[in-house]
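See below for work_35.pdb, which holds PDB, C-alpha atoms, pLDDT in the B column.
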```
ATOM      1  CA  MET A1437     220.677   4.577  97.925  1.00 27.00           C
ATOM      2  CA  SER A1438     222.738   6.920 100.086  1.00 34.00           C
ATOM      3  CA  VAL A1439     220.398   9.872 100.237  1.00 35.00           C
ATOM      4  CA  SER A1440     217.205  10.458 102.122  1.00 40.00           C
ATOM      5  CA  ASP A1441     213.799   9.513 100.778  1.00 41.00           C
ATOM      6  CA  SER A1442     213.236  13.118  99.715  1.00 42.00           C
ATOM      7  CA  GLY A1443     216.421  13.141  97.643  1.00 47.00           C
ATOM      8  CA  GLU A1444     218.287  15.333 100.107  1.00 72.00           C
ATOM      9  CA  ASN A1445     221.893  14.519 100.979  1.00 88.00           C
ATOM     10  CA  THR A1446     222.951  13.517 104.466  1.00 95.00           C
ATOM     11  CA  LEU A1447     225.675  15.649 106.058  1.00 97.00           C
ATOM     12  CA  ILE A1448     227.896  14.095 108.713  1.00 98.00           C
ATOM     13  CA  PHE A1449     230.330  15.993 110.923  1.00 98.00           C
ATOM     14  CA  VAL A1450     233.468  13.982 111.714  1.00 98.00           C
ATOM     15  CA  LEU A1451     234.968  14.344 115.210  1.00 98.00           C
ATOM     16  CA  PRO A1452     238.320  12.556 115.552  1.00 98.00           C
ATOM     17  CA  GLY A1453     239.475  11.282 118.927  1.00 98.00           C
ATOM     18  CA  GLY A1454     242.586  12.053 120.912  1.00 97.00           C
ATOM     19  CA  GLY A1455     241.590  12.421 124.553  1.00 97.00           C
ATOM     20  CA  TYR A1456     240.682  16.108 124.119  1.00 98.00           C
ATOM     21  CA  GLU A1457     244.453  16.557 123.730  1.00 98.00           C
ATOM     22  CA  ASN A1458     244.941  16.056 119.991  1.00 98.00           C
ATOM     23  CA  HIS A1459     243.055  15.058 116.842  1.00 98.00           C
ATOM     24  CA  ALA A1460     243.914  11.575 115.568  1.00 98.00           C
ATOM     25  CA  PRO A1461     244.619  11.902 111.819  1.00 98.00           C
ATOM     26  CA  HIS A1462     243.349   8.417 110.931  1.00 97.00           C
ATOM     27  CA  GLU A1463     239.973   9.269 112.460  1.00 98.00           C
ATOM     28  CA  ALA A1464     239.627  12.415 110.347  1.00 98.00           C
ATOM     29  CA  GLU A1465     240.320  12.446 106.582  1.00 98.00           C
ATOM     30  CA  PRO A1466     240.034   8.663 106.028  1.00 98.00           C
ATOM     31  CA  VAL A1467     236.667   8.627 107.773  1.00 98.00           C
ATOM     32  CA  ALA A1468     235.440  11.612 105.782  1.00 98.00           C
ATOM     33  CA  ASP A1469     236.545   9.905 102.554  1.00 98.00           C
ATOM     34  CA  TRP A1470     234.628   6.755 103.534  1.00 98.00           C
ATOM     35  CA  ILE A1471     231.491   8.786 104.233  1.00 98.00           C
ATOM     36  CA  ARG A1472     231.761  10.546 100.882  1.00 97.00           C
ATOM     37  CA  ALA A1473     232.235   7.217  99.125  1.00 97.00           C
ATOM     38  CA  LEU A1474     228.842   6.219 100.522  1.00 96.00           C
ATOM     39  CA  GLY A1475     227.318   9.245  98.809  1.00 95.00           C
ATOM     40  CA  HIS A1476     226.995  11.442 101.890  1.00 96.00           C
ATOM     41  CA  GLU A1477     228.596  14.786 102.660  1.00 97.00           C
ATOM     42  CA  ALA A1478     231.300  14.982 105.347  1.00 98.00           C
ATOM     43  CA  ARG A1479     232.956  17.828 107.216  1.00 98.00           C
ATOM     44  CA  ILE A1480     235.813  17.342 109.660  1.00 98.00           C
ATOM     45  CA  LEU A1481     235.611  19.463 112.808  1.00 98.00           C
ATOM     46  CA  ARG A1482     238.864  20.078 114.646  1.00 97.00           C
ATOM     47  CA  TYR A1483     237.353  21.224 117.900  1.00 98.00           C
ATOM     48  CA  PRO A1484     239.177  23.068 120.735  1.00 98.00           C
ATOM     49  CA  LEU A1485     241.583  20.988 122.822  1.00 98.00           C
ATOM     50  CA  ALA A1486     243.283  21.338 126.213  1.00 98.00           C
ATOM     51  CA  PRO A1487     244.203  23.698 127.729  1.00 98.00           C
ATOM     52  CA  VAL A1488     240.910  25.099 126.394  1.00 98.00           C
ATOM     53  CA  ARG A1489     238.167  23.668 128.596  1.00 98.00           C
ATOM     54  CA  MET A1490     234.486  22.859 128.438  1.00 97.00           C
ATOM     55  CA  PRO A1491     232.199  24.098 126.934  1.00 97.00           C
ATOM     56  CA  ALA A1492     234.286  25.374 123.999  1.00 98.00           C
ATOM     57  CA  ALA A1493     234.277  22.092 122.069  1.00 98.00           C
ATOM     58  CA  PHE A1494     230.567  21.545 122.694  1.00 98.00           C
ATOM     59  CA  ASP A1495     229.729  25.083 121.607  1.00 98.00           C
ATOM     60  CA  LEU A1496     231.713  24.803 118.375  1.00 98.00           C
ATOM     61  CA  VAL A1497     229.995  21.627 117.239  1.00 98.00           C
ATOM     62  CA  ARG A1498     226.561  22.920 118.154  1.00 98.00           C
ATOM     63  CA  THR A1499     227.209  26.137 116.233  1.00 98.00           C
ATOM     64  CA  GLU A1500     228.360  24.198 113.168  1.00 98.00           C
ATOM     65  CA  ILE A1501     225.223  22.040 113.233  1.00 98.00           C
ATOM     66  CA  ARG A1502     222.937  25.029 113.726  1.00 97.00           C
ATOM     67  CA  GLU A1503     224.557  26.991 110.896  1.00 97.00           C
ATOM     68  CA  ALA A1504     224.496  23.991 108.587  1.00 97.00           C
ATOM     69  CA  ARG A1505     220.737  23.685 109.023  1.00 96.00           C
ATOM     70  CA  ALA A1506     220.330  27.135 107.485  1.00 93.00           C
ATOM     71  CA  THR A1507     221.450  25.821 104.098  1.00 93.00           C
ATOM     72  CA  HIS A1508     221.336  22.021 104.306  1.00 94.00           C
ATOM     73  CA  ARG A1509     217.919  20.463 103.809  1.00 89.00           C
ATOM     74  CA  GLY A1510     218.831  16.843 104.491  1.00 94.00           C
ATOM     75  CA  ARG A1511     219.681  14.957 107.651  1.00 96.00           C
ATOM     76  CA  ILE A1512     222.650  16.099 109.742  1.00 97.00           C
ATOM     77  CA  GLY A1513     224.561  13.654 111.902  1.00 97.00           C
ATOM     78  CA  VAL A1514     227.775  13.321 113.872  1.00 98.00           C
ATOM     79  CA  ILE A1515     230.383  10.579 113.965  1.00 98.00           C
ATOM     80  CA  GLY A1516     233.036  10.535 116.660  1.00 98.00           C
ATOM     81  CA  PHE A1517     235.735   8.235 117.969  1.00 98.00           C
ATOM     82  CA  SER A1518     236.990   7.854 121.544  1.00 98.00           C
ATOM     83  CA  ALA A1519     236.953  11.384 123.038  1.00 98.00           C
ATOM     84  CA  GLY A1520     235.437  12.554 119.760  1.00 98.00           C
ATOM     85  CA  GLY A1521     232.726  10.001 120.462  1.00 98.00           C
ATOM     86  CA  HIS A1522     232.123  11.655 123.804  1.00 98.00           C
ATOM     87  CA  LEU A1523     231.836  15.018 122.090  1.00 98.00           C
ATOM     88  CA  ALA A1524     229.466  13.635 119.441  1.00 98.00           C
ATOM     89  CA  GLY A1525     227.373  11.989 122.123  1.00 98.00           C
ATOM     90  CA  HIS A1526     227.257  15.107 124.240  1.00 98.00           C
ATOM     91  CA  VAL A1527     225.862  17.303 121.466  1.00 98.00           C
ATOM     92  CA  ALA A1528     223.389  14.529 120.625  1.00 98.00           C
ATOM     93  CA  PHE A1529     222.139  13.891 124.165  1.00 98.00           C
ATOM     94  CA  ALA A1530     222.672  17.005 126.311  1.00 98.00           C
ATOM     95  CA  ALA A1531     219.834  19.432 126.840  1.00 96.00           C
ATOM     96  CA  THR A1532     219.838  22.587 124.729  1.00 96.00           C
ATOM     97  CA  ASP A1533     217.444  25.466 124.205  1.00 94.00           C
ATOM     98  CA  ASP A1534     217.802  25.269 120.415  1.00 96.00           C
ATOM     99  CA  PRO A1535     216.632  22.040 118.733  1.00 95.00           C
ATOM    100  CA  ALA A1536     218.520  23.102 115.588  1.00 96.00           C
ATOM    101  CA  GLU A1537     221.762  22.282 117.422  1.00 97.00           C
ATOM    102  CA  VAL A1538     220.856  18.623 117.920  1.00 98.00           C
ATOM    103  CA  PRO A1539     222.021  16.145 115.264  1.00 98.00           C
ATOM    104  CA  ASP A1540     219.513  13.782 113.690  1.00 97.00           C
ATOM    105  CA  PHE A1541     221.680  10.775 114.553  1.00 98.00           C
ATOM    106  CA  ALA A1542     225.017   9.885 116.133  1.00 98.00           C
ATOM    107  CA  VAL A1543     227.670   7.272 115.320  1.00 98.00           C
ATOM    108  CA  LEU A1544     230.080   6.548 118.168  1.00 98.00           C
ATOM    109  CA  GLY A1545     233.206   4.421 117.808  1.00 98.00           C
ATOM    110  CA  TYR A1546     234.771   3.092 121.046  1.00 98.00           C
ATOM    111  CA  PRO A1547     233.449   6.231 122.743  1.00 98.00           C
ATOM    112  CA  VAL A1548     234.500   7.747 126.025  1.00 98.00           C
ATOM    113  CA  VAL A1549     231.170   7.688 127.845  1.00 98.00           C
ATOM    114  CA  ALA A1550     231.886   8.050 131.558  1.00 98.00           C
ATOM    115  CA  LEU A1551     234.038  10.828 132.972  1.00 97.00           C
ATOM    116  CA  GLY A1552     233.090  10.253 136.610  1.00 94.00           C
ATOM    117  CA  GLU A1553     233.390   6.981 138.502  1.00 89.00           C
ATOM    118  CA  GLY A1554     235.108   4.384 136.321  1.00 87.00           C
ATOM    119  CA  GLY A1555     235.582   7.012 133.626  1.00 94.00           C
ATOM    120  CA  HIS A1556     238.413   7.997 131.326  1.00 96.00           C
ATOM    121  CA  ILE A1557     240.671  10.175 133.451  1.00 96.00           C
ATOM    122  CA  GLY A1558     242.721  11.711 130.636  1.00 96.00           C
ATOM    123  CA  SER A1559     239.680  12.939 128.739  1.00 98.00           C
ATOM    124  CA  ARG A1560     238.136  14.194 131.962  1.00 97.00           C
ATOM    125  CA  ASP A1561     241.178  16.218 132.962  1.00 97.00           C
ATOM    126  CA  ASN A1562     241.714  17.681 129.494  1.00 97.00           C
ATOM    127  CA  LEU A1563     238.062  18.627 129.103  1.00 98.00           C
ATOM    128  CA  LEU A1564     237.303  19.864 132.617  1.00 98.00           C
ATOM    129  CA  GLY A1565     240.638  20.915 134.095  1.00 96.00           C
ATOM    130  CA  GLU A1566     240.114  21.503 137.801  1.00 95.00           C
ATOM    131  CA  ARG A1567     236.307  21.245 137.484  1.00 96.00           C
ATOM    132  CA  THR A1568     236.272  17.483 138.020  1.00 95.00           C
ATOM    133  CA  ASP A1569     233.113  17.974 140.069  1.00 96.00           C
ATOM    134  CA  LEU A1570     231.300  18.290 136.732  1.00 97.00           C
ATOM    135  CA  ALA A1571     232.373  14.843 135.524  1.00 97.00           C
ATOM    136  CA  GLU A1572     229.097  13.040 136.184  1.00 97.00           C
ATOM    137  CA  SER A1573     227.073  15.855 134.636  1.00 97.00           C
ATOM    138  CA  VAL A1574     228.859  15.414 131.290  1.00 98.00           C
ATOM    139  CA  SER A1575     228.977  11.606 131.331  1.00 98.00           C
ATOM    140  CA  LEU A1576     226.888  10.416 128.403  1.00 98.00           C
ATOM    141  CA  GLN A1577     224.923   7.764 130.250  1.00 98.00           C
ATOM    142  CA  ASN A1578     223.504  10.535 132.426  1.00 98.00           C
ATOM    143  CA  LEU A1579     222.430  12.716 129.500  1.00 98.00           C
ATOM    144  CA  VAL A1580     220.262  10.304 127.508  1.00 98.00           C
ATOM    145  CA  THR A1581     216.523  11.065 127.375  1.00 98.00           C
ATOM    146  CA  GLY A1582     213.607   9.822 125.358  1.00 97.00           C
ATOM    147  CA  ASP A1583     214.261  12.653 122.902  1.00 97.00           C
ATOM    148  CA  SER A1584     217.821  11.543 122.112  1.00 98.00           C
ATOM    149  CA  PRO A1585     218.438  10.776 118.430  1.00 97.00           C
ATOM    150  CA  PRO A1586     219.068   7.286 116.988  1.00 97.00           C
ATOM    151  CA  THR A1587     222.568   6.118 117.813  1.00 98.00           C
ATOM    152  CA  PHE A1588     225.020   3.565 116.405  1.00 98.00           C
ATOM    153  CA  VAL A1589     227.746   2.367 118.786  1.00 98.00           C
ATOM    154  CA  TRP A1590     230.657  -0.011 118.299  1.00 98.00           C
ATOM    155  CA  HIS A1591     233.520  -1.133 120.515  1.00 98.00           C
ATOM    156  CA  THR A1592     235.958  -4.015 121.012  1.00 98.00           C
ATOM    157  CA  ALA A1593     235.635  -6.264 124.047  1.00 98.00           C
ATOM    158  CA  ASP A1594     239.307  -6.086 125.033  1.00 97.00           C
ATOM    159  CA  ASP A1595     239.891  -2.344 124.595  1.00 96.00           C
ATOM    160  CA  GLU A1596     242.354  -1.494 127.368  1.00 95.00           C
ATOM    161  CA  VAL A1597     242.277   2.300 126.951  1.00 96.00           C
ATOM    162  CA  VAL A1598     238.533   2.941 126.980  1.00 97.00           C
ATOM    163  CA  PRO A1599     236.939  -0.257 128.342  1.00 97.00           C
ATOM    164  CA  VAL A1600     233.914  -1.715 126.617  1.00 98.00           C
ATOM    165  CA  SER A1601     231.966  -0.992 129.808  1.00 97.00           C
ATOM    166  CA  HIS A1602     231.656   2.585 128.517  1.00 98.00           C
ATOM    167  CA  SER A1603     229.580   1.507 125.529  1.00 98.00           C
ATOM    168  CA  LEU A1604     227.621  -0.954 127.659  1.00 98.00           C
ATOM    169  CA  ARG A1605     226.681   1.827 130.079  1.00 98.00           C
ATOM    170  CA  LEU A1606     225.513   3.961 127.191  1.00 98.00           C
ATOM    171  CA  ALA A1607     223.557   1.123 125.606  1.00 98.00           C
ATOM    172  CA  SER A1608     221.772   0.514 128.900  1.00 98.00           C
ATOM    173  CA  ALA A1609     220.814   4.176 129.108  1.00 98.00           C
ATOM    174  CA  LEU A1610     219.576   4.237 125.515  1.00 98.00           C
ATOM    175  CA  ALA A1611     217.531   1.098 126.065  1.00 98.00           C
ATOM    176  CA  ALA A1612     216.014   2.468 129.273  1.00 98.00           C
ATOM    177  CA  ALA A1613     214.962   5.644 127.445  1.00 98.00           C
ATOM    178  CA  ALA A1614     213.593   3.670 124.454  1.00 98.00           C
ATOM    179  CA  VAL A1615     215.975   5.432 122.067  1.00 98.00           C
ATOM    180  CA  PRO A1616     216.538   3.540 118.788  1.00 97.00           C
ATOM    181  CA  PHE A1617     220.113   2.278 118.791  1.00 97.00           C
ATOM    182  CA  GLU A1618     222.407  -0.370 117.399  1.00 97.00           C
ATOM    183  CA  LEU A1619     225.364  -1.751 119.367  1.00 98.00           C
ATOM    184  CA  HIS A1620     228.173  -3.940 118.049  1.00 98.00           C
ATOM    185  CA  ILE A1621     230.864  -5.430 120.271  1.00 98.00           C
ATOM    186  CA  PHE A1622     233.721  -7.113 118.419  1.00 98.00           C
ATOM    187  CA  PRO A1623     235.767  -9.728 120.281  1.00 97.00           C
ATOM    188  CA  SER A1624     239.206  -8.201 119.939  1.00 96.00           C
ATOM    189  CA  GLY A1625     240.994  -5.060 118.797  1.00 95.00           C
ATOM    190  CA  VAL A1626     243.171  -2.335 120.257  1.00 95.00           C
ATOM    191  CA  HIS A1627     241.805   1.095 121.014  1.00 97.00           C
ATOM    192  CA  GLY A1628     241.761   3.652 118.214  1.00 94.00           C
ATOM    193  CA  LEU A1629     241.190   1.395 115.214  1.00 96.00           C
ATOM    194  CA  GLY A1630     239.362   3.994 113.142  1.00 96.00           C
ATOM    195  CA  LEU A1631     238.100   2.326 109.976  1.00 97.00           C
ATOM    196  CA  ALA A1632     239.869  -0.884 111.156  1.00 95.00           C
ATOM    197  CA  GLN A1633     240.883  -1.862 107.642  1.00 93.00           C
ATOM    198  CA  ASP A1634     243.640  -4.151 108.966  1.00 91.00           C
ATOM    199  CA  SER A1635     241.144  -6.295 110.880  1.00 91.00           C
ATOM    200  CA  SER A1636     238.968  -8.605 108.810  1.00 91.00           C
ATOM    201  CA  VAL A1637     236.477  -8.829 111.674  1.00 95.00           C
ATOM    202  CA  VAL A1638     236.328  -5.322 113.127  1.00 97.00           C
ATOM    203  CA  LYS A1639     236.281  -3.574 109.743  1.00 96.00           C
ATOM    204  CA  GLN A1640     232.778  -4.974 109.346  1.00 97.00           C
ATOM    205  CA  TRP A1641     231.587  -2.078 111.481  1.00 98.00           C
ATOM    206  CA  THR A1642     231.735   0.122 108.381  1.00 98.00           C
ATOM    207  CA  VAL A1643     229.424  -2.230 106.477  1.00 96.00           C
ATOM    208  CA  LEU A1644     227.014  -2.412 109.401  1.00 97.00           C
ATOM    209  CA  CYS A1645     227.096   1.346 109.884  1.00 97.00           C
ATOM    210  CA  ALA A1646     226.576   2.090 106.191  1.00 96.00           C
ATOM    211  CA  ARG A1647     223.439  -0.032 106.279  1.00 95.00           C
ATOM    212  CA  TRP A1648     222.276   1.623 109.489  1.00 96.00           C
ATOM    213  CA  LEU A1649     222.795   5.119 108.062  1.00 95.00           C
ATOM    214  CA  GLU A1650     220.181   4.441 105.403  1.00 89.00           C
ATOM    215  CA  GLY A1651     217.521   4.277 108.105  1.00 82.00           C
ATOM    216  CA  ALA A1652     218.952   6.533 110.813  1.00 68.00           C
ATOM    217  CA  GLY A1653     216.537   9.270 111.796  1.00 50.00           C
ATOM    218  CA  ARG A1654     213.530   7.543 110.215  1.00 55.00           C
ATOM    219  CA  TYR A1655     212.431   5.432 113.187  1.00 50.00           C
TER     220      TYR A1655
END
```

Full structure transcribed into structure tokens:
Amino acid sequence: MSVSDSGENTLIFVLPGGGYENHAPHEAEPVADWIRALGHEARILRYPLAPVRMPAAFDLVRTEIREARATHRGRIGVIGFSAGGHLAGHVAFAATDDPAEVPDFAVLGYPVVALGEGGHIGSRDNLLGERTDLAESVSLQNLVTGDSPPTFVWHTADDEVVPVSHSLRLASALAAAAVPFELHIFPSGVHGLGLAQDSSVVKQWTVLCARWLEGAGRY
């Protein structure tokens, strides 16, 4: 089945990557179509980009989640890729005064995790502008707590744009906080694969994720 035990549909917000500079088309509509084919609902969010700075993108996604809860009775999750993965992770992990803004689960593909030391400079500069002093405070590994929602993460070991160390840092933080998570590292694949339909190995992430989605939020 692709709905919750109570018969309520799962809604997933899709956040394409692009270094907070653009929205990658192949991480938007094709991903939404895949989600819908699983029987879930999907909405693509084209969040604010540079030169608009933090917290505009964070605020938009949080508002969309909060407003969706007013009418949607099922689970609400986020899926993001690269910088979109950072955005998805931020709204999932960062502290907020309104629990209605927090997704029930997060799916992160080759996510930008660190914006400080060893982080992704392009995403940092586009998101923060001159406020690079805030980089560590918005790095995902520093935001995880025991209240963070279940998370699915995948990456390729030889990603040269956003190194796999980003996902490993996040996995370590999730494990330390005892947050339910699933991590898959595939041996090879360039950055930005999206659904990875041209790779017989990496495209298995969609099968693994589809299975994981059936239990996400029920740990």

Skipping near chain neighbours, those fewer than 2 positions away, what residues fall within 9 Å of Pro1623 (chain A) using all atoms listed in the file, listed as a PDB file with C-alpha atoms, in the coordinates of the input?
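Once everything was written out, this is result_18.pdb:
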```
ATOM      1  CA  HIS A1591     233.520  -1.133 120.515  1.00 98.00           C
ATOM      2  CA  THR A1592     235.958  -4.015 121.012  1.00 98.00           C
ATOM      3  CA  ALA A1593     235.635  -6.264 124.047  1.00 98.00           C
ATOM      4  CA  ASP A1594     239.307  -6.086 125.033  1.00 97.00           C
ATOM      5  CA  ILE A1621     230.864  -5.430 120.271  1.00 98.00           C
ATOM      6  CA  GLY A1625     240.994  -5.060 118.797  1.00 95.00           C
ATOM      7  CA  VAL A1637     236.477  -8.829 111.674  1.00 95.00           C
ATOM      8  CA  VAL A1638     236.328  -5.322 113.127  1.00 97.00           C
TER       9      VAL A1638
END
```

Subject >> Nearest to His1627 (chain A) by atom-to-atom distance, counting all atoms listed in the file, from A:Val1597, A:Leu1563, A:Leu1523, A:Val1543 >> reply: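 The shortest atom-to-atom distance to His1627 (chain A) comes from A:Val1597.
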
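Interatomic distance, CA of Leu1564 (chain A) to CA of Ser1584 (chain A): 23.6 Å.
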
Check which residues satisfy the PyMOL selection byres ((chain A and resi 1465) around 12) in the file shown, then give them as a JSON list (two decimals) with C-alpha atoms, keeping the file's coordinate frame.
```json
[["chain", "number", "residue", "atom", "x", "y", "z"],
["A", 1449, "PHE", "CA", 230.33, 15.99, 110.92],
["A", 1450, "VAL", "CA", 233.47, 13.98, 111.71],
["A", 1451, "LEU", "CA", 234.97, 14.34, 115.21],
["A", 1452, "PRO", "CA", 238.32, 12.56, 115.55],
["A", 1459, "HIS", "CA", 243.06, 15.06, 116.84],
["A", 1460, "ALA", "CA", 243.91, 11.58, 115.57],
["A", 1461, "PRO", "CA", 244.62, 11.90, 111.82],
["A", 1462, "HIS", "CA", 243.35, 8.42, 110.93],
["A", 1463, "GLU", "CA", 239.97, 9.27, 112.46],
["A", 1464, "ALA", "CA", 239.63, 12.42, 110.35],
["A", 1466, "PRO", "CA", 240.03, 8.66, 106.03],
["A", 1467, "VAL", "CA", 236.67, 8.63, 107.77],
["A", 1468, "ALA", "CA", 235.44, 11.61, 105.78],
["A", 1469, "ASP", "CA", 236.54, 9.90, 102.55],
["A", 1470, "TRP", "CA", 234.63, 6.76, 103.53],
["A", 1471, "ILE", "CA", 231.49, 8.79, 104.23],
["A", 1472, "ARG", "CA", 231.76, 10.55, 100.88],
["A", 1478, "ALA", "CA", 231.30, 14.98, 105.35],
["A", 1479, "ARG", "CA", 232.96, 17.83, 107.22],
["A", 1480, "ILE", "CA", 235.81, 17.34, 109.66],
["A", 1481, "LEU", "CA", 235.61, 19.46, 112.81],
["A", 1482, "ARG", "CA", 238.86, 20.08, 114.65],
["A", 1630, "GLY", "CA", 239.36, 3.99, 113.14],
["A", 1631, "LEU", "CA", 238.10, 2.33, 109.98]]
```

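Put simply, the PyMOL selection byres ((chain A and resi 1524) around 8) in this file takes in Leu1451, Val1514, Ile1515, Gly1516, Gly1520, Gly1521, His1522, Leu1523, Gly1525, His1526, Val1527, Ala1528, Ala1542, Val1543 and Leu1544 of chain A.
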
With C-alpha atoms retained, write the just-selected residues as a PDB file, in the frame of the given file.
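What landed in result.pdb:
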```
ATOM      1  CA  LEU A1451     234.968  14.344 115.210  1.00 98.00           C
ATOM      2  CA  VAL A1514     227.775  13.321 113.872  1.00 98.00           C
ATOM      3  CA  ILE A1515     230.383  10.579 113.965  1.00 98.00           C
ATOM      4  CA  GLY A1516     233.036  10.535 116.660  1.00 98.00           C
ATOM      5  CA  GLY A1520     235.437  12.554 119.760  1.00 98.00           C
ATOM      6  CA  GLY A1521     232.726  10.001 120.462  1.00 98.00           C
ATOM      7  CA  HIS A1522     232.123  11.655 123.804  1.00 98.00           C
ATOM      8  CA  LEU A1523     231.836  15.018 122.090  1.00 98.00           C
ATOM      9  CA  GLY A1525     227.373  11.989 122.123  1.00 98.00           C
ATOM     10  CA  HIS A1526     227.257  15.107 124.240  1.00 98.00           C
ATOM     11  CA  VAL A1527     225.862  17.303 121.466  1.00 98.00           C
ATOM     12  CA  ALA A1528     223.389  14.529 120.625  1.00 98.00           C
ATOM     13  CA  ALA A1542     225.017   9.885 116.133  1.00 98.00           C
ATOM     14  CA  VAL A1543     227.670   7.272 115.320  1.00 98.00           C
ATOM     15  CA  LEU A1544     230.080   6.548 118.168  1.00 98.00           C
TER      16      LEU A1544
END
```

Original post:
Smallest atom-to-atom distance to Gln1640 (chain A): which of A:Trp1590, A:Val1598, A:Pro1585, A:Ile1557, using all atoms listed in the file?
Top reply: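 Using all atoms listed in the file, Gln1640 (chain A) sits closest to A:Trp1590.
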
Original post:
Can you tell me, as a VMD selection string, which residues sit within 12 Å of (227.9, 25.1, 125.7) in the file's frame, using only C-alpha atoms?
Top reply: chain A and resid 1489 to 1499 1523 1526 to 1527 1530 to 1534 1537 1574

Subject >> A:Pro1535, A:Pro1586, A:His1602, A:Ala1486 ranked by distance to Gly1555 (chain A), top pick (using all atoms listed in the file) >> reply: A:His1602

Original post:
Of the residues A:Tyr1546, A:Phe1588, A:Trp1641, A:Phe1529, which is the one nearest to Glu1618 (chain A), using all atoms listed in the file?
Top reply: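 Selected residue with least distance to Glu1618 (chain A): A:Phe1588.
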
Original post:
Just how far from CA of Val1548 (chain A) is CA of Tyr1456 (chain A), in Å to one decimal?
Top reply: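 So the answer is 10.6 Å.
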
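CA of Gly1545 (chain A) sits 17.9 Å away from CA of Leu1579 (chain A).
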
Original post:
Pick the closest to Thr1446 (chain A) from A:Gly1558, A:Gly1582, A:Gly1475, A:Pro1616: which is it, counting all atoms listed in the file?
Top reply: A:Gly1475

Original post:
From the set A:Arg1605, A:Arg1647, A:Arg1502, A:Lys1639, which residue has the shortest atom-to-atom contact distance to Glu1553 (chain A), counting all atoms listed in the file?
Top reply: A:Arg1605

Around all of region 1501-1507 of chain A's listed atoms, make the axis-aligned box with 5 Å on each side and tell me centre and edge lengths in Å to one decimal, as lines of an AutoDock Vina configuration file.
```
center_x = 222.8
center_y = 24.6
center_z = 108.9
size_x = 14.9
size_y = 15.1
size_z = 19.6
```

Subject >> Picked residues, the PyMOL selection byres ((chain A and resi 1610) around 9), expected as a list in words >> reply: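 For this structure, the PyMOL selection byres ((chain A and resi 1610) around 9) resolves to Gln1577, Val1580, Thr1581, Gly1582, Ser1584, Thr1587, Arg1605, Leu1606, Ala1607, Ser1608, Ala1609, Ala1611, Ala1612, Ala1613, Ala1614, Val1615, Pro1616 and Phe1617 of chain A.
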
Subject >> Surrounding residues of Ile1512 (chain A) excluding itself and chain neighbours under 6 positions, 6 Å, all atoms listed in the file, as a PyMOL selection string >> reply: chain A and resi 1446-1448+1539-1540
